[in-house]
$ cat protein.cif   # mmCIF, N, CA and C atoms
data_input
#
loop_
_atom_site.label_atom_id
_atom_site.label_comp_id
_atom_site.auth_asym_id
_atom_site.auth_seq_id
_atom_site.Cartn_x
_atom_site.Cartn_y
_atom_site.Cartn_z
N MET N 1469 9.48 -20.84 0.75
CA MET N 1469 10.09 -20.49 -0.51
C MET N 1469 9.32 -21.07 -1.69
N SER N 1470 8.82 -22.27 -1.52
CA SER N 1470 8.07 -22.90 -2.61
C SER N 1470 6.81 -22.10 -2.94
N LEU N 1471 6.15 -21.58 -1.92
CA LEU N 1471 4.95 -20.78 -2.15
C LEU N 1471 5.28 -19.52 -2.94
N LEU N 1472 6.36 -18.87 -2.61
CA LEU N 1472 6.78 -17.67 -3.32
C LEU N 1472 7.17 -17.99 -4.76
N ASP N 1473 7.88 -19.09 -4.96
CA ASP N 1473 8.29 -19.48 -6.30
C ASP N 1473 7.09 -19.79 -7.19
N ASN N 1474 6.07 -20.40 -6.62
CA ASN N 1474 4.92 -20.81 -7.43
C ASN N 1474 3.94 -19.68 -7.71
N TYR N 1475 3.78 -18.74 -6.80
CA TYR N 1475 2.71 -17.76 -6.94
C TYR N 1475 3.16 -16.31 -7.05
N GLY N 1476 4.37 -15.99 -6.70
CA GLY N 1476 4.77 -14.59 -6.66
C GLY N 1476 5.66 -14.12 -7.79
N VAL N 1477 6.45 -14.98 -8.33
CA VAL N 1477 7.47 -14.55 -9.28
C VAL N 1477 6.89 -14.22 -10.65
N GLY N 1478 5.97 -15.00 -11.14
CA GLY N 1478 5.41 -14.77 -12.48
C GLY N 1478 4.72 -13.43 -12.59
N THR N 1479 3.89 -13.09 -11.63
CA THR N 1479 3.18 -11.82 -11.65
C THR N 1479 4.16 -10.66 -11.50
N ALA N 1480 5.14 -10.81 -10.65
CA ALA N 1480 6.13 -9.75 -10.46
C ALA N 1480 6.93 -9.51 -11.74
N ALA N 1481 7.29 -10.58 -12.44
CA ALA N 1481 8.04 -10.43 -13.68
C ALA N 1481 7.22 -9.67 -14.72
N PHE N 1482 5.93 -9.97 -14.83
CA PHE N 1482 5.09 -9.25 -15.77
C PHE N 1482 4.90 -7.80 -15.33
N LEU N 1483 4.78 -7.55 -14.05
CA LEU N 1483 4.67 -6.19 -13.56
C LEU N 1483 5.92 -5.39 -13.90
N TYR N 1484 7.09 -5.98 -13.69
CA TYR N 1484 8.34 -5.31 -14.04
C TYR N 1484 8.43 -5.07 -15.55
N GLY N 1485 7.97 -6.02 -16.33
CA GLY N 1485 7.95 -5.85 -17.79
C GLY N 1485 7.06 -4.70 -18.21
N ILE N 1486 5.87 -4.62 -17.61
CA ILE N 1486 4.95 -3.54 -17.92
C ILE N 1486 5.56 -2.19 -17.55
N LEU N 1487 6.14 -2.11 -16.36
CA LEU N 1487 6.74 -0.85 -15.93
C LEU N 1487 7.92 -0.44 -16.82
N GLU N 1488 8.69 -1.42 -17.26
CA GLU N 1488 9.83 -1.12 -18.13
C GLU N 1488 9.35 -0.60 -19.49
N VAL N 1489 8.36 -1.26 -20.06
CA VAL N 1489 7.85 -0.82 -21.36
C VAL N 1489 7.21 0.56 -21.26
N VAL N 1490 6.43 0.77 -20.21
CA VAL N 1490 5.81 2.09 -20.02
C VAL N 1490 6.88 3.15 -19.81
N GLY N 1491 7.88 2.83 -19.03
CA GLY N 1491 8.95 3.79 -18.77
C GLY N 1491 9.72 4.16 -20.01
N ILE N 1492 10.01 3.18 -20.84
CA ILE N 1492 10.80 3.46 -22.04
C ILE N 1492 9.94 4.11 -23.12
N MET N 1493 8.79 3.52 -23.40
CA MET N 1493 8.00 3.97 -24.55
C MET N 1493 7.16 5.22 -24.28
N TRP N 1494 6.61 5.34 -23.11
CA TRP N 1494 5.67 6.44 -22.86
C TRP N 1494 6.28 7.58 -22.06
N VAL N 1495 7.35 7.33 -21.32
CA VAL N 1495 8.01 8.41 -20.58
C VAL N 1495 9.21 8.93 -21.37
N TYR N 1496 10.12 8.05 -21.76
CA TYR N 1496 11.27 8.46 -22.57
C TYR N 1496 10.82 8.84 -23.98
N GLY N 1497 9.87 8.11 -24.49
CA GLY N 1497 9.30 8.45 -25.79
C GLY N 1497 9.69 7.46 -26.88
N LEU N 1498 8.69 7.08 -27.64
CA LEU N 1498 8.91 6.15 -28.75
C LEU N 1498 9.82 6.78 -29.80
N LYS N 1499 9.64 8.06 -30.05
CA LYS N 1499 10.47 8.75 -31.05
C LYS N 1499 11.94 8.75 -30.64
N ASN N 1500 12.20 9.07 -29.38
CA ASN N 1500 13.58 9.08 -28.89
C ASN N 1500 14.19 7.69 -28.93
N PHE N 1501 13.41 6.67 -28.56
CA PHE N 1501 13.89 5.30 -28.58
C PHE N 1501 14.23 4.87 -30.00
N CYS N 1502 13.37 5.22 -30.96
CA CYS N 1502 13.62 4.85 -32.36
C CYS N 1502 14.83 5.59 -32.92
N LEU N 1503 15.01 6.84 -32.53
CA LEU N 1503 16.21 7.58 -32.96
C LEU N 1503 17.47 6.95 -32.39
N ASP N 1504 17.43 6.50 -31.15
CA ASP N 1504 18.58 5.82 -30.55
C ASP N 1504 18.87 4.50 -31.25
N ALA N 1505 17.81 3.73 -31.55
CA ALA N 1505 17.99 2.46 -32.26
C ALA N 1505 18.53 2.70 -33.66
N GLN N 1506 18.05 3.74 -34.32
CA GLN N 1506 18.54 4.09 -35.65
C GLN N 1506 20.02 4.47 -35.60
N PHE N 1507 20.41 5.21 -34.58
CA PHE N 1507 21.81 5.59 -34.43
C PHE N 1507 22.70 4.36 -34.21
N MET N 1508 22.24 3.42 -33.38
CA MET N 1508 23.04 2.23 -33.09
C MET N 1508 23.09 1.26 -34.26
N LEU N 1509 21.96 1.10 -34.97
CA LEU N 1509 21.90 0.14 -36.06
C LEU N 1509 22.31 0.72 -37.41
N ARG N 1510 22.34 2.06 -37.49
CA ARG N 1510 22.62 2.76 -38.75
C ARG N 1510 21.64 2.33 -39.83
N ASN N 1511 20.39 2.16 -39.42
CA ASN N 1511 19.33 1.75 -40.33
C ASN N 1511 18.01 2.29 -39.79
N GLN N 1512 17.10 2.64 -40.67
CA GLN N 1512 15.79 3.16 -40.27
C GLN N 1512 14.96 2.07 -39.59
N VAL N 1513 14.28 2.42 -38.51
CA VAL N 1513 13.40 1.49 -37.81
C VAL N 1513 12.06 1.47 -38.54
N SER N 1514 11.57 0.26 -38.88
CA SER N 1514 10.33 0.16 -39.64
C SER N 1514 9.11 0.44 -38.76
N ILE N 1515 8.00 0.71 -39.41
CA ILE N 1515 6.75 1.02 -38.71
C ILE N 1515 6.26 -0.18 -37.91
N ILE N 1516 6.59 -1.38 -38.34
CA ILE N 1516 6.17 -2.59 -37.62
C ILE N 1516 6.77 -2.59 -36.22
N TRP N 1517 8.05 -2.26 -36.10
CA TRP N 1517 8.68 -2.22 -34.79
C TRP N 1517 8.13 -1.09 -33.93
N LYS N 1518 7.81 0.03 -34.54
CA LYS N 1518 7.25 1.15 -33.78
C LYS N 1518 5.89 0.78 -33.18
N VAL N 1519 5.06 0.12 -33.97
CA VAL N 1519 3.74 -0.31 -33.48
C VAL N 1519 3.90 -1.38 -32.41
N THR N 1520 4.83 -2.30 -32.62
CA THR N 1520 5.04 -3.37 -31.65
C THR N 1520 5.54 -2.82 -30.32
N TRP N 1521 6.54 -1.96 -30.35
CA TRP N 1521 7.11 -1.42 -29.11
C TRP N 1521 6.18 -0.44 -28.42
N GLY N 1522 5.47 0.37 -29.18
CA GLY N 1522 4.66 1.43 -28.60
C GLY N 1522 3.27 1.02 -28.19
N LEU N 1523 2.68 0.02 -28.84
CA LEU N 1523 1.28 -0.31 -28.59
C LEU N 1523 1.06 -1.78 -28.27
N LEU N 1524 1.56 -2.65 -29.11
CA LEU N 1524 1.24 -4.07 -28.98
C LEU N 1524 1.85 -4.70 -27.72
N THR N 1525 3.12 -4.46 -27.47
CA THR N 1525 3.78 -5.06 -26.31
C THR N 1525 3.16 -4.61 -24.99
N PRO N 1526 2.92 -3.31 -24.76
CA PRO N 1526 2.27 -2.94 -23.50
C PRO N 1526 0.88 -3.54 -23.34
N LEU N 1527 0.11 -3.58 -24.41
CA LEU N 1527 -1.24 -4.15 -24.32
C LEU N 1527 -1.21 -5.64 -24.02
N VAL N 1528 -0.32 -6.38 -24.66
CA VAL N 1528 -0.22 -7.81 -24.41
C VAL N 1528 0.20 -8.09 -22.97
N LEU N 1529 1.15 -7.32 -22.47
CA LEU N 1529 1.59 -7.51 -21.09
C LEU N 1529 0.48 -7.18 -20.09
N ILE N 1530 -0.23 -6.09 -20.33
CA ILE N 1530 -1.28 -5.68 -19.40
C ILE N 1530 -2.43 -6.68 -19.42
N VAL N 1531 -2.79 -7.19 -20.59
CA VAL N 1531 -3.89 -8.14 -20.70
C VAL N 1531 -3.51 -9.51 -20.14
N SER N 1532 -2.25 -9.90 -20.27
CA SER N 1532 -1.85 -11.24 -19.85
C SER N 1532 -1.70 -11.39 -18.34
N VAL N 1533 -1.55 -10.32 -17.59
CA VAL N 1533 -1.39 -10.44 -16.14
C VAL N 1533 -2.64 -11.04 -15.49
N PRO N 1534 -3.85 -10.55 -15.76
CA PRO N 1534 -5.02 -11.20 -15.14
C PRO N 1534 -5.23 -12.63 -15.60
N VAL N 1535 -4.84 -12.95 -16.82
CA VAL N 1535 -4.97 -14.32 -17.31
C VAL N 1535 -4.05 -15.25 -16.54
N LEU N 1536 -2.85 -14.81 -16.24
CA LEU N 1536 -1.90 -15.65 -15.50
C LEU N 1536 -2.32 -15.83 -14.04
N ARG N 1537 -3.02 -14.88 -13.48
CA ARG N 1537 -3.40 -14.96 -12.07
C ARG N 1537 -4.54 -15.95 -11.85
N SER N 1538 -5.30 -16.26 -12.89
CA SER N 1538 -6.42 -17.18 -12.70
C SER N 1538 -6.02 -18.63 -12.84
#

$ encode --input "protein.cif" --output "structure tokens"
Amino acid sequence: MSLLDNYGVGTAAFLYGILEVVGIMWVYGLKNFCLDAQFMLRNQVSIIWKVTWGLLTPLVLIVSVPVLRS
């Protein structure tokens, strides 16, 4: 169990994060997600959040996985 806790969980968590972001932003669509957030918040979603959710977060997650493995 100690071996799994030390070496397996971190990479799996990042993999799940990447799959979740890809699933929401690139399959469901950034536009649909922003429309849903706008409906729930009753406020327009700014361009900063759109760039963060659609581009920055997936790139940071994808780049950080090899860094964590070393």

$ residues_around --input "protein.cif" --residues "stretch 1491-1499 of chain N" --least-positions-apart "4" --cutoff "10 Å" --atoms "only C-alpha atoms" --output "mmCIF file with N, CA and C atoms, in the coordinates of the input"
data_model
loop_
_atom_site.group_PDB
_atom_site.id
_atom_site.type_symbol
_atom_site.label_atom_id
_atom_site.label_comp_id
_atom_site.auth_asym_id
_atom_site.auth_seq_id
_atom_site.Cartn_x
_atom_site.Cartn_y
_atom_site.Cartn_z
ATOM 1 N N GLY N 1485 7.970 -6.020 -16.330
ATOM 2 C CA GLY N 1485 7.950 -5.850 -17.790
ATOM 3 C C GLY N 1485 7.060 -4.700 -18.210
ATOM 4 N N ILE N 1486 5.870 -4.620 -17.610
ATOM 5 C CA ILE N 1486 4.950 -3.540 -17.920
ATOM 6 C C ILE N 1486 5.560 -2.190 -17.550
ATOM 7 N N LEU N 1487 6.140 -2.110 -16.360
ATOM 8 C CA LEU N 1487 6.740 -0.850 -15.930
ATOM 9 C C LEU N 1487 7.920 -0.440 -16.820
ATOM 10 N N LEU N 1503 15.010 6.840 -32.530
ATOM 11 C CA LEU N 1503 16.210 7.580 -32.960
ATOM 12 C C LEU N 1503 17.470 6.950 -32.390
ATOM 13 N N ASP N 1504 17.430 6.500 -31.150
ATOM 14 C CA ASP N 1504 18.580 5.820 -30.550
ATOM 15 C C ASP N 1504 18.870 4.500 -31.250
ATOM 16 N N ALA N 1505 17.810 3.730 -31.550
ATOM 17 C CA ALA N 1505 17.990 2.460 -32.260
ATOM 18 C C ALA N 1505 18.530 2.700 -33.660
ATOM 19 N N LYS N 1518 7.810 0.030 -34.540
ATOM 20 C CA LYS N 1518 7.250 1.150 -33.780
ATOM 21 C C LYS N 1518 5.890 0.780 -33.180
ATOM 22 N N VAL N 1519 5.060 0.120 -33.970
ATOM 23 C CA VAL N 1519 3.740 -0.310 -33.480
ATOM 24 C C VAL N 1519 3.900 -1.380 -32.410
ATOM 25 N N TRP N 1521 6.540 -1.960 -30.350
ATOM 26 C CA TRP N 1521 7.110 -1.420 -29.110
ATOM 27 C C TRP N 1521 6.180 -0.440 -28.420
ATOM 28 N N GLY N 1522 5.470 0.370 -29.180
ATOM 29 C CA GLY N 1522 4.660 1.430 -28.600
ATOM 30 C C GLY N 1522 3.270 1.020 -28.190
ATOM 31 N N LEU N 1523 2.680 0.020 -28.840
ATOM 32 C CA LEU N 1523 1.280 -0.310 -28.590
ATOM 33 C C LEU N 1523 1.060 -1.780 -28.270
ATOM 34 N N PRO N 1526 2.920 -3.310 -24.760
ATOM 35 C CA PRO N 1526 2.270 -2.940 -23.500
ATOM 36 C C PRO N 1526 0.880 -3.540 -23.340
#

$ atom_distance --input "protein.cif" --atom1 "atom CA of N:Ile1530" --atom2 "atom N of N:Leu1483"
8.3 Å

$ atom_distance --input "protein.cif" --atom1 "atom CA of N:Val1528" --atom2 "atom CA of N:Ile1516"
15.6 Å

$ atom_distance --input "protein.cif" --atom1 "atom CA of N:Gln1512" --atom2 "atom CA of N:Leu1524"
19.8 Å

$ closest_residue --input "protein.cif" --among "N:Val1531, N:Val1489, N:Ala1481, N:Cys1502" --to "N:Ile1515" --atoms "only C-alpha atoms"
N:Cys1502
